[in-house]
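Undergrad: After the structure tokens below, expect a handful of questions from me.
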Amino acid sequence: MALRLGDIAPDFTAETSEGVINFHQWLGNSWAVLFSHPKDYTPVCTTELGAVARLKEKFDQRNVKVIALSVDPVDSHKEWIKDINETQNCVVNFPIIADADKKVSDLYDMIHPNASDTMTVRSVFIIGNDKKVKLILTYPASTGRNFDEILRVIDSLQLTANYSVATPANWKDGEDVVIATSVKNEDIAAKFPKGHTVIKPYLRMTPQPNK
Ligand code: BEZ
């Protein structure tokens with residue numbers, strides 16, 4: 001059955017461009033982004049891996065490890081990384097899983113046969129420090145992902161894991177948030193001392209509590 005939000009991210013051991021990794025051990029107490037690429041030496045994938053490498057510091061600041069996957073062998077990954085570094089003004093500084101036998105792709109349902117039965121789609125899994133799947137995205141091969149959006153979602157996931165809030169449409173770190181409907185009116189002042197606004201009984205806003 002396909003993976004769903006809240007499931008434990010399946011564990012695996014795989015060869016990567018940075019050596020053999022046991023996924024759960026590698027995760028440790030970190031959050032993670034696991035994302036797949038259709039194939040090595042393809043243009044959109046080259047730009048995506050470069051974009052992630054340039055953002056690596058921002059993932060580190062959020063205690064998030066990044067790991068990519070492509071269904072080509074490790075020697076191919078290592079040669080391709082040289083091209084990525086050369087063309088994308090970056091140093092690829094995270095592992096790329098060599099999933100030639102499609103073991104991990106199958107485990108995470110990254111091959112959608114009606115799109116392609118040999119290449120993975122562009123999957124993104126955000127995994128919490130409890131090893132549970134927090135977000136799943138699927139893009140087609142023709143559309144490169146927006147990794148600033150992935151960072152934005154991580155900010156929301158980490159905030160809402162710690163406070164009784166949700167984040168509204170197009171929210172960005174630092175903006176006002178929605179008070180969870182589970183919070184009773186009489187408890188708001190103690191929980192959210194920065195103040196709040198009642199727009200409707202079910203729509204109550206407060207400044208971001210951890211800022
Ligand atoms: C690309 O990364 O450019 C790509 C990969 C597979 C199919 C189409 C495009």
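As shown in the structure tokens, the chain order sets the letters A, B, ...; within each chain, residues go from 1, and ligands are also counted from 1 in the order they appear.
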Got a sec to check which residues lie within 6 Å of ligand 1, using only C-alpha atoms and all ligand atoms, and send them as a PDB file with C-alpha atoms, in the first residue's frame?
TA:
ATOM      1  CA  PRO A  38      14.008  10.455 -12.859  1.00  0.00           C
ATOM      2  CA  LYS A  39      17.539   9.888 -14.154  1.00  0.00           C
ATOM      3  CA  THR A  42      19.144  15.001 -17.256  1.00  0.00           C
ATOM      4  CA  PRO A  43      18.772  18.777 -17.402  1.00  0.00           C
ATOM      5  CA  VAL A  44      16.010  19.537 -14.894  1.00  0.00           C
ATOM      6  CA  CYS A  45      17.475  17.127 -12.326  1.00  0.00           C
ATOM      7  CA  ALA A 141       9.570  14.717 -14.790  1.00  0.00           C
ATOM      8  CA  SER A 142       8.971  17.877 -16.825  1.00  0.00           C
TER       9      SER A 142
END
Undergrad: Could you please write out, as an MDAnalysis selection string, every residue of range 11-211 of chain A that DSSP assigns to alpha helix (DSSP H)?
TA: chainID A and resid 23:27 43:61 74:88 103:107 147:162 185:191
Undergrad: Rank nothing, just name the residue among A:Phe94, A:Gln61, A:Tyr108, A:Asp83 nearest to Phe12 in chain A, using only C-alpha atoms.
TA: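 Ranked by minimum distance to Phe12 in chain A, first place goes to A:Tyr108.
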Undergrad: Would you pick out the contacts of range 125-132 of chain A at 8 Å or less, using only C-alpha atoms, so that residues sharing its chain but fewer than 4 positions from it are not included, and give the list as a ChimeraX atom specification?
TA: /A:5-9,24,27-35,136-137,154
Undergrad: Taking N, CA, C and O atoms for each residue, export the selection above as a PDB file, in the first residue's frame.
TA:
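The resulting selection_22.pdb:
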ATOM      1  N   LEU A   5       0.634  10.031   5.105  1.00  0.00           N
ATOM      2  CA  LEU A   5       1.114  10.919   6.165  1.00  0.00           C
ATOM      3  C   LEU A   5       0.920  10.228   7.512  1.00  0.00           C
ATOM      4  O   LEU A   5      -0.106   9.584   7.748  1.00  0.00           O
ATOM      5  N   GLY A   6       1.911  10.358   8.379  1.00  0.00           N
ATOM      6  CA  GLY A   6       1.842   9.746   9.706  1.00  0.00           C
ATOM      7  C   GLY A   6       2.470   8.359   9.766  1.00  0.00           C
ATOM      8  O   GLY A   6       2.756   7.861  10.859  1.00  0.00           O
ATOM      9  N   ASP A   7       2.690   7.735   8.588  1.00  0.00           N
ATOM     10  CA  ASP A   7       3.367   6.427   8.588  1.00  0.00           C
ATOM     11  C   ASP A   7       4.839   6.613   8.962  1.00  0.00           C
ATOM     12  O   ASP A   7       5.438   7.661   8.680  1.00  0.00           O
ATOM     13  N   ILE A   8       5.422   5.568   9.537  1.00  0.00           N
ATOM     14  CA  ILE A   8       6.874   5.568   9.745  1.00  0.00           C
ATOM     15  C   ILE A   8       7.538   5.447   8.368  1.00  0.00           C
ATOM     16  O   ILE A   8       7.155   4.587   7.561  1.00  0.00           O
ATOM     17  N   ALA A   9       8.506   6.313   8.089  1.00  0.00           N
ATOM     18  CA  ALA A   9       9.227   6.243   6.810  1.00  0.00           C
ATOM     19  C   ALA A   9       9.947   4.896   6.744  1.00  0.00           C
ATOM     20  O   ALA A   9      10.713   4.566   7.655  1.00  0.00           O
ATOM     21  N   HIS A  24      17.464   4.845   8.714  1.00  0.00           N
ATOM     22  CA  HIS A  24      17.047   5.259  10.062  1.00  0.00           C
ATOM     23  C   HIS A  24      18.245   5.684  10.911  1.00  0.00           C
ATOM     24  O   HIS A  24      18.158   6.657  11.672  1.00  0.00           O
ATOM     25  N   LEU A  27      19.303   9.055   9.735  1.00  0.00           N
ATOM     26  CA  LEU A  27      18.377  10.108  10.184  1.00  0.00           C
ATOM     27  C   LEU A  27      18.733  10.603  11.587  1.00  0.00           C
ATOM     28  O   LEU A  27      18.664  11.811  11.856  1.00  0.00           O
ATOM     29  N   GLY A  28      19.115   9.663  12.465  1.00  0.00           N
ATOM     30  CA  GLY A  28      19.393  10.040  13.858  1.00  0.00           C
ATOM     31  C   GLY A  28      18.221  10.807  14.431  1.00  0.00           C
ATOM     32  O   GLY A  28      17.073  10.366  14.331  1.00  0.00           O
ATOM     33  N   ASN A  29      18.504  11.991  15.010  1.00  0.00           N
ATOM     34  CA  ASN A  29      17.416  12.808  15.574  1.00  0.00           C
ATOM     35  C   ASN A  29      17.017  13.954  14.643  1.00  0.00           C
ATOM     36  O   ASN A  29      16.380  14.907  15.090  1.00  0.00           O
ATOM     37  N   SER A  30      17.416  13.863  13.398  1.00  0.00           N
ATOM     38  CA  SER A  30      17.139  14.957  12.455  1.00  0.00           C
ATOM     39  C   SER A  30      15.806  14.762  11.748  1.00  0.00           C
ATOM     40  O   SER A  30      15.287  13.653  11.657  1.00  0.00           O
ATOM     41  N   TRP A  31      15.322  15.847  11.192  1.00  0.00           N
ATOM     42  CA  TRP A  31      14.296  15.782  10.161  1.00  0.00           C
ATOM     43  C   TRP A  31      15.014  15.448   8.851  1.00  0.00           C
ATOM     44  O   TRP A  31      16.251  15.522   8.794  1.00  0.00           O
ATOM     45  N   ALA A  32      14.251  15.109   7.815  1.00  0.00           N
ATOM     46  CA  ALA A  32      14.901  14.821   6.529  1.00  0.00           C
ATOM     47  C   ALA A  32      13.976  15.118   5.362  1.00  0.00           C
ATOM     48  O   ALA A  32      12.756  15.109   5.511  1.00  0.00           O
ATOM     49  N   VAL A  33      14.624  15.410   4.237  1.00  0.00           N
ATOM     50  CA  VAL A  33      13.919  15.475   2.947  1.00  0.00           C
ATOM     51  C   VAL A  33      14.536  14.403   2.064  1.00  0.00           C
ATOM     52  O   VAL A  33      15.747  14.412   1.820  1.00  0.00           O
ATOM     53  N   LEU A  34      13.702  13.462   1.630  1.00  0.00           N
ATOM     54  CA  LEU A  34      14.108  12.422   0.680  1.00  0.00           C
ATOM     55  C   LEU A  34      13.423  12.757  -0.636  1.00  0.00           C
ATOM     56  O   LEU A  34      12.185  12.874  -0.675  1.00  0.00           O
ATOM     57  N   PHE A  35      14.215  12.954  -1.698  1.00  0.00           N
ATOM     58  CA  PHE A  35      13.580  13.352  -2.967  1.00  0.00           C
ATOM     59  C   PHE A  35      14.191  12.581  -4.137  1.00  0.00           C
ATOM     60  O   PHE A  35      15.390  12.337  -4.171  1.00  0.00           O
ATOM     61  N   ILE A 136       4.066  14.609   1.584  1.00  0.00           N
ATOM     62  CA  ILE A 136       4.397  13.879   0.346  1.00  0.00           C
ATOM     63  C   ILE A 136       4.005  14.762  -0.832  1.00  0.00           C
ATOM     64  O   ILE A 136       2.885  15.286  -0.874  1.00  0.00           O
ATOM     65  N   LEU A 137       4.939  14.960  -1.752  1.00  0.00           N
ATOM     66  CA  LEU A 137       4.652  15.710  -2.988  1.00  0.00           C
ATOM     67  C   LEU A 137       5.053  14.847  -4.181  1.00  0.00           C
ATOM     68  O   LEU A 137       6.030  14.106  -4.096  1.00  0.00           O
ATOM     69  N   ILE A 154       8.693  23.192   5.724  1.00  0.00           N
ATOM     70  CA  ILE A 154       9.414  22.709   6.916  1.00  0.00           C
ATOM     71  C   ILE A 154       9.206  23.699   8.068  1.00  0.00           C
ATOM     72  O   ILE A 154       8.971  23.294   9.210  1.00  0.00           O
TER      73      ILE A 154
END
Undergrad: Any idea what the distance is between CA of Ala180 in chain A and CA of Glu149 in chain A?
TA: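 Atom-to-atom, CA of Ala180 in chain A and CA of Glu149 in chain A are spaced 22.6 Å apart.
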Undergrad: Could you check how far CA of Val91 in chain A sits from CA of Gly50 in chain A, in Å to one decimal?
TA: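 Atom-to-atom, CA of Val91 in chain A to CA of Gly50 in chain A, that is 7.7 Å.
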Undergrad: Using only C-alpha atoms, find the one residue out of A:Val198, A:Leu203, A:Met119, A:Ala2 that sits nearest to Thr167 in chain A.
TA: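 Closest to Thr167 in chain A, using only C-alpha atoms: A:Leu203.
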Undergrad: With distances taken over only C-alpha atoms, which residue among A:Ala53, A:Lys134, A:Asp75, A:Pro201 lies nearest Ala161 in chain A?
TA: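 Looking only at the distances to Ala161 in chain A, the closest residue turns out to be A:Lys134.
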Undergrad: Determine the nearest neighbour of Lys184 in chain A from the options A:Ser164, A:Ala169, A:Val133, A:Arg145, counting only C-alpha atoms.
TA: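 Under the stated criterion, the closest residue is A:Ser164.
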Undergrad: Where in range 5-112 of chain A does DSSP assign strand (DSSP E or B), given as JSON, numbers by chain?
TA: {"A": [8, 13, 14, 15, 16, 19, 20, 21, 22, 31, 32, 33, 34, 35, 36, 37, 64, 65, 66, 67, 68, 69, 70, 96, 97, 98]}
Undergrad: Could you check how far CA of Lys194 in chain A sits from CA of Asn170 in chain A, in Å to one decimal?
TA: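 About the pair CA of Lys194 in chain A and CA of Asn170 in chain A: they are 21.9 Å apart.
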